[in-house]
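S.K.: Dumping the structure here so I can ask a few things about it.
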Amino acid sequence: MWKTVVLLLVTIVIVPIAGFYFSEPLNDLQWTTVKELAIIYLIAGISCFAVSTLAKNYSQVDKLWSIIPIAYVWFAAYRGDFEPRLILMSTMVTIWGARLTYNFSRRGGYSWKFWTGDEDYRWAILQARPEFSNPLVWGIFNLLFISLYQMGLILLFTLPIVKSMGGGPLAWADYLCAAGIIFFVILETIADQQQWNYQKE
């Protein structure tokens, strides 16, 4: 288990720090944006922890997995005065997030009682293990891994938009990347429908 903990710490702490310090330094606007996004992340992560603890449904992060990246990138686009590249990146994230949100929704992931909905089956399996039988241990796991770690990953995979702030005019590579994203979202949508058809049958 300690190997897993070390690996998780490397992915959420060491790799991002190395990525930022061994590349071009962030300017003041970029640093300010990262700090503001970190505040949003902490509010979202702690909210997921509180709701999951009260509702005993530990899939609250799953409900935000496809939604909060959209909020992160559009916030960064706003802070960057809606530069064309930031708008393009935010649009691509929005398309990706809309597909994933729709697919999660039709499988019962959301409910008008936002704290309910389908729970990832793996959390019940983990809770049944002896090392998680203590409610305090499970609570710490919920806070540090389910809520903060996973929400941290979401923040990290949206941070490239911050590095793109002030990056100059759009080029052919931007349009090529956007076309690639659209292509893969179409493939994912087809795969979603195939899985949906299979599971219904």
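Please note that chains go A, B, ... in the order of the structure tokens, that every chain numbers its residues from 1, and that ligands are numbered from 1 in the order shown.
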Contacts of Phe157 (chain A) at 12 Å or less, counting only C-alpha atoms, minus same-chain residues fewer than 5 places along, as a PyMOL selection string?

M.R.: chain A and resi 11-12+16+65-66+68-70+72-73+93+150-152+162-163

S.K.: Create the file for the chosen residues now, containing C-alpha atoms and written as a compact mmCIF listing (two decimals), in the first residue's frame.

M.R.:
# COMPACT_ATOMS: atom_id res chain seq x y z
CA THR A 11 1.99 12.02 -9.75
CA ILE A 12 0.19 14.81 -7.90
CA PRO A 16 3.76 18.93 -11.72
CA TRP A 65 -15.12 14.95 -13.44
CA SER A 66 -16.49 16.19 -16.76
CA ILE A 68 -15.33 21.25 -13.47
CA PRO A 69 -12.63 21.14 -16.20
CA ILE A 70 -15.00 23.28 -18.29
CA TYR A 72 -11.44 25.77 -14.97
CA VAL A 73 -10.61 26.44 -18.63
CA VAL A 93 -12.67 20.94 -23.37
CA GLN A 150 -8.84 13.01 -7.79
CA MET A 151 -9.94 16.63 -7.90
CA GLY A 152 -6.25 17.55 -8.01
CA VAL A 162 -2.52 28.49 -18.14
CA LYS A 163 0.81 27.88 -19.89

S.K.: From the options A:Ala71, A:Ala98, A:Leu148, A:Leu155, which residue's atoms come nearest to Ala50 (chain A), counting only C-alpha atoms?

M.R.: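 Closest residue, counting only C-alpha atoms: A:Leu148.
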
S.K.: Please identify the helix (DSSP H, G or I) residues within region 77-186 of chain A (assignment by DSSP from backbone atoms) and present them as a VMD selection string.

M.R.: chain A and resid 77 to 79 84 to 106 121 to 127 130 to 132 135 to 158 160 to 163 172 to 186

S.K.: Quick one: everything within 8 Å of region 90-92 of chain A, counting only C-alpha atoms, minus sequence neighbours fewer than 4 positions away in the same chain. Send it as an MDAnalysis selection string.

M.R.: chainID A and resid 70 73:74 77 86 96 178 181:182

S.K.: Identify, on the basis of only C-alpha atoms, every residue whose closest approach to region 20-30 of chain A does not exceed 9 Å; exclude the query and any residue fewer than 2 positions from it along the same chain; express the result as a PDB file with all heavy atoms, in the first residue's frame.

M.R.:
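Output contents, as saved in result-v4.pdb:
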ATOM      1  N   VAL A  15       5.761  15.456 -10.082  1.00  0.00           N
ATOM      2  CA  VAL A  15       5.716  15.630 -11.539  1.00  0.00           C
ATOM      3  C   VAL A  15       5.259  17.042 -11.932  1.00  0.00           C
ATOM      4  O   VAL A  15       5.918  17.709 -12.744  1.00  0.00           O
ATOM      5  CB  VAL A  15       4.843  14.544 -12.201  1.00  0.00           C
ATOM      6  CG1 VAL A  15       4.592  14.865 -13.669  1.00  0.00           C
ATOM      7  CG2 VAL A  15       5.487  13.174 -12.053  1.00  0.00           C
ATOM      8  N   PRO A  16       4.149  17.558 -11.347  1.00  0.00           N
ATOM      9  CA  PRO A  16       3.756  18.929 -11.722  1.00  0.00           C
ATOM     10  C   PRO A  16       4.795  19.996 -11.352  1.00  0.00           C
ATOM     11  O   PRO A  16       5.048  20.910 -12.137  1.00  0.00           O
ATOM     12  CB  PRO A  16       2.458  19.151 -10.934  1.00  0.00           C
ATOM     13  CG  PRO A  16       1.939  17.784 -10.672  1.00  0.00           C
ATOM     14  CD  PRO A  16       3.146  16.925 -10.512  1.00  0.00           C
ATOM     15  N   ILE A  17       5.396  19.849 -10.164  1.00  0.00           N
ATOM     16  CA  ILE A  17       6.413  20.826  -9.751  1.00  0.00           C
ATOM     17  C   ILE A  17       7.593  20.780 -10.717  1.00  0.00           C
ATOM     18  O   ILE A  17       8.083  21.826 -11.172  1.00  0.00           O
ATOM     19  CB  ILE A  17       6.861  20.568  -8.298  1.00  0.00           C
ATOM     20  CG1 ILE A  17       5.731  20.948  -7.339  1.00  0.00           C
ATOM     21  CG2 ILE A  17       8.130  21.349  -7.978  1.00  0.00           C
ATOM     22  CD1 ILE A  17       6.002  20.585  -5.893  1.00  0.00           C
ATOM     23  N   ALA A  18       8.035  19.581 -11.059  1.00  0.00           N
ATOM     24  CA  ALA A  18       9.143  19.453 -12.014  1.00  0.00           C
ATOM     25  C   ALA A  18       8.761  20.043 -13.358  1.00  0.00           C
ATOM     26  O   ALA A  18       9.560  20.738 -14.002  1.00  0.00           O
ATOM     27  CB  ALA A  18       9.533  17.983 -12.163  1.00  0.00           C
ATOM     28  N   THR A  32      -1.028  34.040 -10.823  1.00  0.00           N
ATOM     29  CA  THR A  32      -2.271  34.473 -10.191  1.00  0.00           C
ATOM     30  C   THR A  32      -3.416  33.543 -10.576  1.00  0.00           C
ATOM     31  O   THR A  32      -4.228  33.139  -9.735  1.00  0.00           O
ATOM     32  CB  THR A  32      -2.610  35.921 -10.599  1.00  0.00           C
ATOM     33  OG1 THR A  32      -1.540  36.769 -10.184  1.00  0.00           O
ATOM     34  CG2 THR A  32      -3.902  36.394  -9.958  1.00  0.00           C
ATOM     35  N   THR A  33      -3.464  33.179 -11.846  1.00  0.00           N
ATOM     36  CA  THR A  33      -4.521  32.280 -12.327  1.00  0.00           C
ATOM     37  C   THR A  33      -4.404  30.905 -11.675  1.00  0.00           C
ATOM     38  O   THR A  33      -5.417  30.315 -11.278  1.00  0.00           O
ATOM     39  CB  THR A  33      -4.467  32.159 -13.860  1.00  0.00           C
ATOM     40  OG1 THR A  33      -4.535  33.471 -14.431  1.00  0.00           O
ATOM     41  CG2 THR A  33      -5.614  31.326 -14.392  1.00  0.00           C
ATOM     42  N   VAL A  34      -3.182  30.387 -11.567  1.00  0.00           N
ATOM     43  CA  VAL A  34      -2.983  29.085 -10.906  1.00  0.00           C
ATOM     44  C   VAL A  34      -3.466  29.149  -9.461  1.00  0.00           C
ATOM     45  O   VAL A  34      -4.144  28.225  -8.969  1.00  0.00           O
ATOM     46  CB  VAL A  34      -1.503  28.650 -10.970  1.00  0.00           C
ATOM     47  CG1 VAL A  34      -1.229  27.476 -10.045  1.00  0.00           C
ATOM     48  CG2 VAL A  34      -1.118  28.299 -12.395  1.00  0.00           C
ATOM     49  N   LYS A  35      -3.143  30.212  -8.759  1.00  0.00           N
ATOM     50  CA  LYS A  35      -3.570  30.346  -7.363  1.00  0.00           C
ATOM     51  C   LYS A  35      -5.087  30.411  -7.253  1.00  0.00           C
ATOM     52  O   LYS A  35      -5.690  29.796  -6.360  1.00  0.00           O
ATOM     53  CB  LYS A  35      -2.932  31.588  -6.739  1.00  0.00           C
ATOM     54  CG  LYS A  35      -1.430  31.468  -6.534  1.00  0.00           C
ATOM     55  CD  LYS A  35      -0.828  32.790  -6.089  1.00  0.00           C
ATOM     56  CE  LYS A  35       0.691  32.730  -6.059  1.00  0.00           C
ATOM     57  NZ  LYS A  35       1.293  34.042  -5.771  1.00  0.00           N
ATOM     58  N   ALA A  76      -9.826  30.392 -16.853  1.00  0.00           N
ATOM     59  CA  ALA A  76      -8.503  30.783 -17.353  1.00  0.00           C
ATOM     60  C   ALA A  76      -8.629  31.633 -18.613  1.00  0.00           C
ATOM     61  O   ALA A  76      -7.878  32.599 -18.801  1.00  0.00           O
ATOM     62  CB  ALA A  76      -7.655  29.544 -17.624  1.00  0.00           C
ATOM     63  N   ARG A  79      -9.482  35.057 -17.485  1.00  0.00           N
ATOM     64  CA  ARG A  79      -8.327  35.749 -16.917  1.00  0.00           C
ATOM     65  C   ARG A  79      -7.334  36.147 -18.001  1.00  0.00           C
ATOM     66  O   ARG A  79      -6.586  37.100 -17.852  1.00  0.00           O
ATOM     67  CB  ARG A  79      -7.628  34.868 -15.867  1.00  0.00           C
ATOM     68  CG  ARG A  79      -8.470  34.579 -14.653  1.00  0.00           C
ATOM     69  CD  ARG A  79      -8.757  35.809 -13.810  1.00  0.00           C
ATOM     70  NE  ARG A  79      -7.607  36.150 -13.006  1.00  0.00           N
ATOM     71  CZ  ARG A  79      -7.093  37.369 -12.921  1.00  0.00           C
ATOM     72  NH1 ARG A  79      -7.618  38.356 -13.586  1.00  0.00           N
ATOM     73  NH2 ARG A  79      -6.055  37.610 -12.164  1.00  0.00           N
ATOM     74  N   GLY A  80      -7.326  35.404 -19.118  1.00  0.00           N
ATOM     75  CA  GLY A  80      -6.429  35.717 -20.232  1.00  0.00           C
ATOM     76  C   GLY A  80      -7.070  36.587 -21.296  1.00  0.00           C
ATOM     77  O   GLY A  80      -6.597  36.604 -22.441  1.00  0.00           O
ATOM     78  N   VAL A 162      -3.198  27.373 -18.809  1.00  0.00           N
ATOM     79  CA  VAL A 162      -2.519  28.486 -18.136  1.00  0.00           C
ATOM     80  C   VAL A 162      -1.183  28.758 -18.825  1.00  0.00           C
ATOM     81  O   VAL A 162      -0.811  29.912 -19.044  1.00  0.00           O
ATOM     82  CB  VAL A 162      -2.326  28.177 -16.629  1.00  0.00           C
ATOM     83  CG1 VAL A 162      -1.510  29.268 -15.954  1.00  0.00           C
ATOM     84  CG2 VAL A 162      -3.676  28.023 -15.940  1.00  0.00           C
ATOM     85  N   LYS A 163      -0.470  27.701 -19.190  1.00  0.00           N
ATOM     86  CA  LYS A 163       0.805  27.877 -19.886  1.00  0.00           C
ATOM     87  C   LYS A 163       0.617  28.494 -21.268  1.00  0.00           C
ATOM     88  O   LYS A 163       1.555  29.041 -21.850  1.00  0.00           O
ATOM     89  CB  LYS A 163       1.534  26.531 -20.017  1.00  0.00           C
ATOM     90  CG  LYS A 163       2.063  25.966 -18.717  1.00  0.00           C
ATOM     91  CD  LYS A 163       3.214  26.759 -18.171  1.00  0.00           C
ATOM     92  CE  LYS A 163       4.490  26.454 -18.906  1.00  0.00           C
ATOM     93  NZ  LYS A 163       5.660  27.123 -18.323  1.00  0.00           N
ATOM     94  N   MET A 165      -1.448  30.982 -21.928  1.00  0.00           N
ATOM     95  CA  MET A 165      -1.832  32.384 -21.826  1.00  0.00           C
ATOM     96  C   MET A 165      -0.704  33.260 -22.379  1.00  0.00           C
ATOM     97  O   MET A 165       0.462  33.058 -22.045  1.00  0.00           O
ATOM     98  CB  MET A 165      -2.132  32.755 -20.369  1.00  0.00           C
ATOM     99  CG  MET A 165      -3.330  32.019 -19.788  1.00  0.00           C
ATOM    100  SD  MET A 165      -3.515  32.208 -17.997  1.00  0.00           S
ATOM    101  CE  MET A 165      -4.274  33.815 -17.912  1.00  0.00           C
TER     102      MET A 165
END
